[in-house]
$ cat upload34.cif   # mmCIF, C-alpha atoms
data_protein
#
loop_
_atom_site.group_PDB
_atom_site.id
_atom_site.type_symbol
_atom_site.label_atom_id
_atom_site.label_comp_id
_atom_site.auth_asym_id
_atom_site.auth_seq_id
_atom_site.Cartn_x
_atom_site.Cartn_y
_atom_site.Cartn_z
ATOM 1 C CA PRO Z 25 112.404 87.133 124.944
ATOM 2 C CA GLU Z 26 114.753 84.259 125.645
ATOM 3 C CA ASN Z 27 112.643 81.819 123.616
ATOM 4 C CA LEU Z 28 113.094 83.872 120.404
ATOM 5 C CA PRO Z 29 116.400 83.555 118.573
ATOM 6 C CA ALA Z 30 118.371 86.614 117.563
ATOM 7 C CA VAL Z 31 118.548 87.445 113.859
ATOM 8 C CA HIS Z 32 121.742 89.249 112.896
ATOM 9 C CA VAL Z 33 121.264 91.236 109.677
ATOM 10 C CA VAL Z 34 124.642 91.899 108.044
ATOM 11 C CA VAL Z 35 126.129 92.940 104.715
ATOM 12 C CA ASP Z 36 129.506 91.509 103.668
ATOM 13 C CA PRO Z 37 130.696 90.680 107.195
ATOM 14 C CA PRO Z 38 134.269 89.549 107.775
ATOM 15 C CA PRO Z 39 134.436 85.732 108.077
ATOM 16 C CA SER Z 40 135.604 86.061 111.683
ATOM 17 C CA LEU Z 41 132.334 87.814 112.604
ATOM 18 C CA LEU Z 42 130.251 85.010 111.086
ATOM 19 C CA GLN Z 43 131.923 82.563 113.433
ATOM 20 C CA GLN Z 44 131.143 84.719 116.470
ATOM 21 C CA LEU Z 45 127.419 85.301 115.933
ATOM 22 C CA ASP Z 46 124.895 83.089 117.699
ATOM 23 C CA GLY Z 47 121.411 82.686 116.271
ATOM 24 C CA TRP Z 48 120.154 83.300 112.768
ATOM 25 C CA ILE Z 49 122.343 85.213 110.330
ATOM 26 C CA GLN Z 50 120.650 87.168 107.545
ATOM 27 C CA LEU Z 51 123.137 87.983 104.771
ATOM 28 C CA HIS Z 52 122.455 90.745 102.244
ATOM 29 C CA GLY Z 53 125.751 91.446 100.516
ATOM 30 C CA ASP Z 54 127.978 89.822 97.936
ATOM 31 C CA GLU Z 55 128.910 86.881 100.154
ATOM 32 C CA THR Z 56 130.043 83.743 98.347
ATOM 33 C CA GLU Z 57 129.038 80.190 99.157
ATOM 34 C CA GLU Z 58 132.416 79.764 100.873
ATOM 35 C CA ILE Z 59 131.734 82.711 103.167
ATOM 36 C CA VAL Z 60 128.198 81.505 103.892
ATOM 37 C CA ALA Z 61 129.590 78.107 104.891
ATOM 38 C CA ARG Z 62 131.511 79.771 107.733
ATOM 39 C CA ALA Z 63 128.359 80.911 109.533
ATOM 40 C CA ARG Z 64 127.672 79.152 112.831
ATOM 41 C CA GLY Z 65 123.923 79.602 112.915
ATOM 42 C CA PRO Z 66 121.137 79.063 110.437
ATOM 43 C CA VAL Z 67 121.441 81.360 107.403
ATOM 44 C CA VAL Z 68 118.834 83.536 105.705
ATOM 45 C CA ARG Z 69 120.174 84.563 102.283
ATOM 46 C CA GLY Z 70 118.761 87.883 101.143
ATOM 47 C CA ILE Z 71 118.764 88.289 97.361
ATOM 48 C CA SER Z 72 117.343 90.617 94.761
ATOM 49 C CA PHE Z 73 115.050 88.531 92.599
ATOM 50 C CA SER Z 74 116.426 86.819 89.525
ATOM 51 C CA GLY Z 75 115.927 83.245 88.425
ATOM 52 C CA GLU Z 76 119.688 82.730 88.514
ATOM 53 C CA ALA Z 77 120.027 84.009 92.101
ATOM 54 C CA VAL Z 78 117.061 81.954 93.332
ATOM 55 C CA ARG Z 79 118.448 78.766 91.791
ATOM 56 C CA ARG Z 80 122.005 79.437 93.013
ATOM 57 C CA TRP Z 81 121.110 80.054 96.634
ATOM 58 C CA SER Z 82 118.383 77.440 96.800
ATOM 59 C CA ALA Z 83 121.030 74.881 95.853
ATOM 60 C CA CYS Z 84 123.496 76.067 98.518
ATOM 61 C CA PRO Z 85 123.551 73.540 101.379
ATOM 62 C CA HIS Z 86 124.555 76.236 103.889
ATOM 63 C CA VAL Z 87 121.447 78.368 103.312
ATOM 64 C CA ASP Z 88 118.359 77.572 105.354
ATOM 65 C CA LEU Z 89 115.910 80.178 104.069
ATOM 66 C CA LEU Z 90 115.744 82.576 101.088
ATOM 67 C CA LEU Z 91 114.597 86.171 101.503
ATOM 68 C CA VAL Z 92 113.636 87.186 97.965
ATOM 69 C CA ASP Z 93 113.546 90.954 97.572
ATOM 70 C CA GLY Z 94 112.987 93.414 94.771
ATOM 71 C CA PRO Z 95 115.744 95.305 92.972
ATOM 72 C CA GLY Z 96 118.063 97.182 95.298
ATOM 73 C CA LYS Z 97 117.690 95.004 98.396
ATOM 74 C CA GLY Z 98 115.843 96.898 101.105
ATOM 75 C CA ALA Z 99 114.672 99.586 98.663
ATOM 76 C CA GLY Z 100 110.969 98.712 98.937
ATOM 77 C CA ARG Z 101 110.635 97.984 95.233
ATOM 78 C CA ARG Z 102 108.494 95.171 93.808
ATOM 79 C CA PHE Z 103 109.462 92.486 91.335
ATOM 80 C CA ASN Z 104 107.393 90.165 89.157
ATOM 81 C CA HIS Z 105 105.883 87.670 91.597
ATOM 82 C CA ASP Z 106 104.587 85.505 88.764
ATOM 83 C CA GLU Z 107 108.190 84.803 87.734
ATOM 84 C CA LEU Z 108 108.996 83.646 91.273
ATOM 85 C CA ALA Z 109 105.857 81.489 91.274
ATOM 86 C CA GLU Z 110 107.071 79.765 88.111
ATOM 87 C CA LEU Z 111 110.298 78.811 89.946
ATOM 88 C CA GLN Z 112 108.574 77.419 93.041
ATOM 89 C CA ARG Z 113 108.911 73.751 92.103
ATOM 90 C CA GLU Z 114 112.680 74.261 91.614
ATOM 91 C CA ILE Z 115 113.166 75.887 95.017
ATOM 92 C CA SER Z 116 114.234 73.592 97.834
ATOM 93 C CA LYS Z 117 114.308 76.272 100.543
ATOM 94 C CA PRO Z 118 111.503 78.123 102.319
ATOM 95 C CA VAL Z 119 110.981 81.607 100.854
ATOM 96 C CA VAL Z 120 110.315 84.888 102.630
ATOM 97 C CA LEU Z 121 108.901 87.432 100.200
ATOM 98 C CA ALA Z 122 110.034 91.068 100.452
ATOM 99 C CA GLY Z 123 110.128 94.145 98.290
ATOM 100 C CA GLY Z 124 107.362 96.673 97.812
ATOM 101 C CA LEU Z 125 104.824 94.891 99.970
ATOM 102 C CA ASP Z 126 102.110 96.947 101.634
ATOM 103 C CA PRO Z 127 98.541 96.348 102.826
ATOM 104 C CA ASP Z 128 97.232 96.662 99.250
ATOM 105 C CA THR Z 129 99.757 94.348 97.553
ATOM 106 C CA VAL Z 130 100.637 91.647 100.072
ATOM 107 C CA GLY Z 131 97.489 89.560 99.525
ATOM 108 C CA ASP Z 132 98.072 89.163 95.790
ATOM 109 C CA ALA Z 133 101.768 88.489 96.407
ATOM 110 C CA ILE Z 134 100.947 85.691 98.858
ATOM 111 C CA THR Z 135 98.344 84.213 96.520
ATOM 112 C CA ALA Z 136 100.844 84.211 93.633
ATOM 113 C CA THR Z 137 103.894 82.836 95.443
ATOM 114 C CA ARG Z 138 102.709 81.015 98.595
ATOM 115 C CA PRO Z 139 105.791 82.074 100.572
ATOM 116 C CA TRP Z 140 106.829 80.719 103.958
ATOM 117 C CA GLY Z 141 106.703 84.302 105.211
ATOM 118 C CA VAL Z 142 106.654 87.961 104.236
ATOM 119 C CA ASP Z 143 108.941 90.829 105.186
ATOM 120 C CA VAL Z 144 107.794 94.437 105.322
ATOM 121 C CA SER Z 145 109.240 97.747 106.421
ATOM 122 C CA SER Z 146 108.541 100.830 104.310
ATOM 123 C CA GLY Z 147 105.176 99.410 103.241
ATOM 124 C CA VAL Z 148 103.772 100.030 106.722
ATOM 125 C CA GLU Z 149 105.239 103.489 107.222
ATOM 126 C CA SER Z 150 103.379 106.808 107.214
ATOM 127 C CA GLY Z 151 106.682 108.572 106.499
ATOM 128 C CA ARG Z 152 110.308 107.544 106.108
ATOM 129 C CA GLY Z 153 111.156 105.436 109.159
ATOM 130 C CA VAL Z 154 107.823 106.074 110.904
ATOM 131 C CA LYS Z 155 105.756 102.913 111.381
ATOM 132 C CA ASP Z 156 102.000 103.458 111.180
ATOM 133 C CA PRO Z 157 99.980 101.220 113.544
ATOM 134 C CA ALA Z 158 96.935 101.335 111.233
ATOM 135 C CA ARG Z 159 99.026 100.255 108.225
ATOM 136 C CA ILE Z 160 100.602 97.461 110.301
ATOM 137 C CA ARG Z 161 97.137 96.208 111.308
ATOM 138 C CA ALA Z 162 95.902 96.424 107.705
ATOM 139 C CA PHE Z 163 98.989 94.545 106.502
ATOM 140 C CA CYS Z 164 98.476 91.762 109.067
ATOM 141 C CA GLU Z 165 94.792 91.500 108.170
ATOM 142 C CA ALA Z 166 95.652 91.226 104.465
ATOM 143 C CA VAL Z 167 98.202 88.494 105.219
ATOM 144 C CA ARG Z 168 95.694 86.529 107.294
ATOM 145 C CA ALA Z 169 92.987 86.897 104.646
ATOM 146 C CA ALA Z 170 95.288 85.675 101.856
ATOM 147 C CA ASP Z 171 96.507 82.808 104.003
ATOM 148 C CA SER Z 172 92.946 81.753 104.899
ATOM 149 C CA ALA Z 173 91.748 82.004 101.299
ATOM 150 C CA SER Z 174 94.414 79.622 100.049
ATOM 151 C CA SER Z 175 94.230 77.095 102.890
#
$ encode --input "upload34.cif" --output "structure tokens"
Amino acid sequence: PENLPAVHVVVDPPPSLLQQLDGWIQLHGDETEEIVARARGPVVRGISFSGEAVRRWSACPHVDLLLVDGPGKGAGRRFNHDELAELQREISKPVVLAGGLDPDTVGDAITATRPWGVDVSSGVESGRGVKDPARIRAFCEAVRAADSASS
């Protein structure tokens, strides 16, 4: 729909591409702060969780939102959410939580970290690349329940 902005998900794009993209840009590679500064649109910085990475990218003025993932970005692996929770008061950016979330784990993850949002892919699949409507519904219900419980 026209009222929803595009989100371009890229890994180590050439600087010239960053200047051509309209809408949100979600970066998941080894981009430096200098490269990130060249983006035209708002930037989502995808990172594998570490205290150092969270602090570094939270301090970057060219990043609008952090997507904090488990080890091996996009691998569907969890990380210690309690460690992220301990960093919350140091984080100046909204956080989207990713990595190993599924209908059974997302509620506890939300309760522990109070993220701005959550990101899921493999956690709602019945098989590799096959989204399961029942798992998607269960995931959304778990998110709503955790959100309501902490409001």
$ closest_residue --input "upload34.cif" --among "Z:Gly96, Z:Ser116, Z:Gly141, Z:Ile71" --to "Glu55 (chain Z)" --atoms "all atoms listed in the file"
Z:Ile71
$ closest_atom_pairs --input "upload34.cif" --of "region 107-149 of chain Z" --to "region 164-170 of chain Z" --cutoff "7 Å" --atoms "all atoms listed in the file" --output "CSV"
residue,atom,partner,partner_atom,distance
Z:Pro127,CA,Z:Ala166,CA,6.1
Z:Val130,CA,Z:Val167,CA,6.5
Z:Gly131,CA,Z:Ala170,CA,5.0
Z:Ile134,CA,Z:Ala170,CA,6.4
Z:Thr135,CA,Z:Ala170,CA,6.3
$ closest_residue --input "upload34.cif" --among "Z:Glu57, Z:Glu149, Z:Glu114, Z:Asp106" --to "Asp132 (chain Z)" --atoms "only C-alpha atoms"
Z:Asp106
$ atom_distance --input "upload34.cif" --atom1 "CA of Leu121 (chain Z)" --atom2 "CA of Leu42 (chain Z)"
24.1 Å
$ closest_residue --input "upload34.cif" --among "Z:Asp156, Z:Asp126, Z:Asp54, Z:Glu26" --to "Pro38 (chain Z)" --atoms "only C-alpha atoms"
Z:Asp54
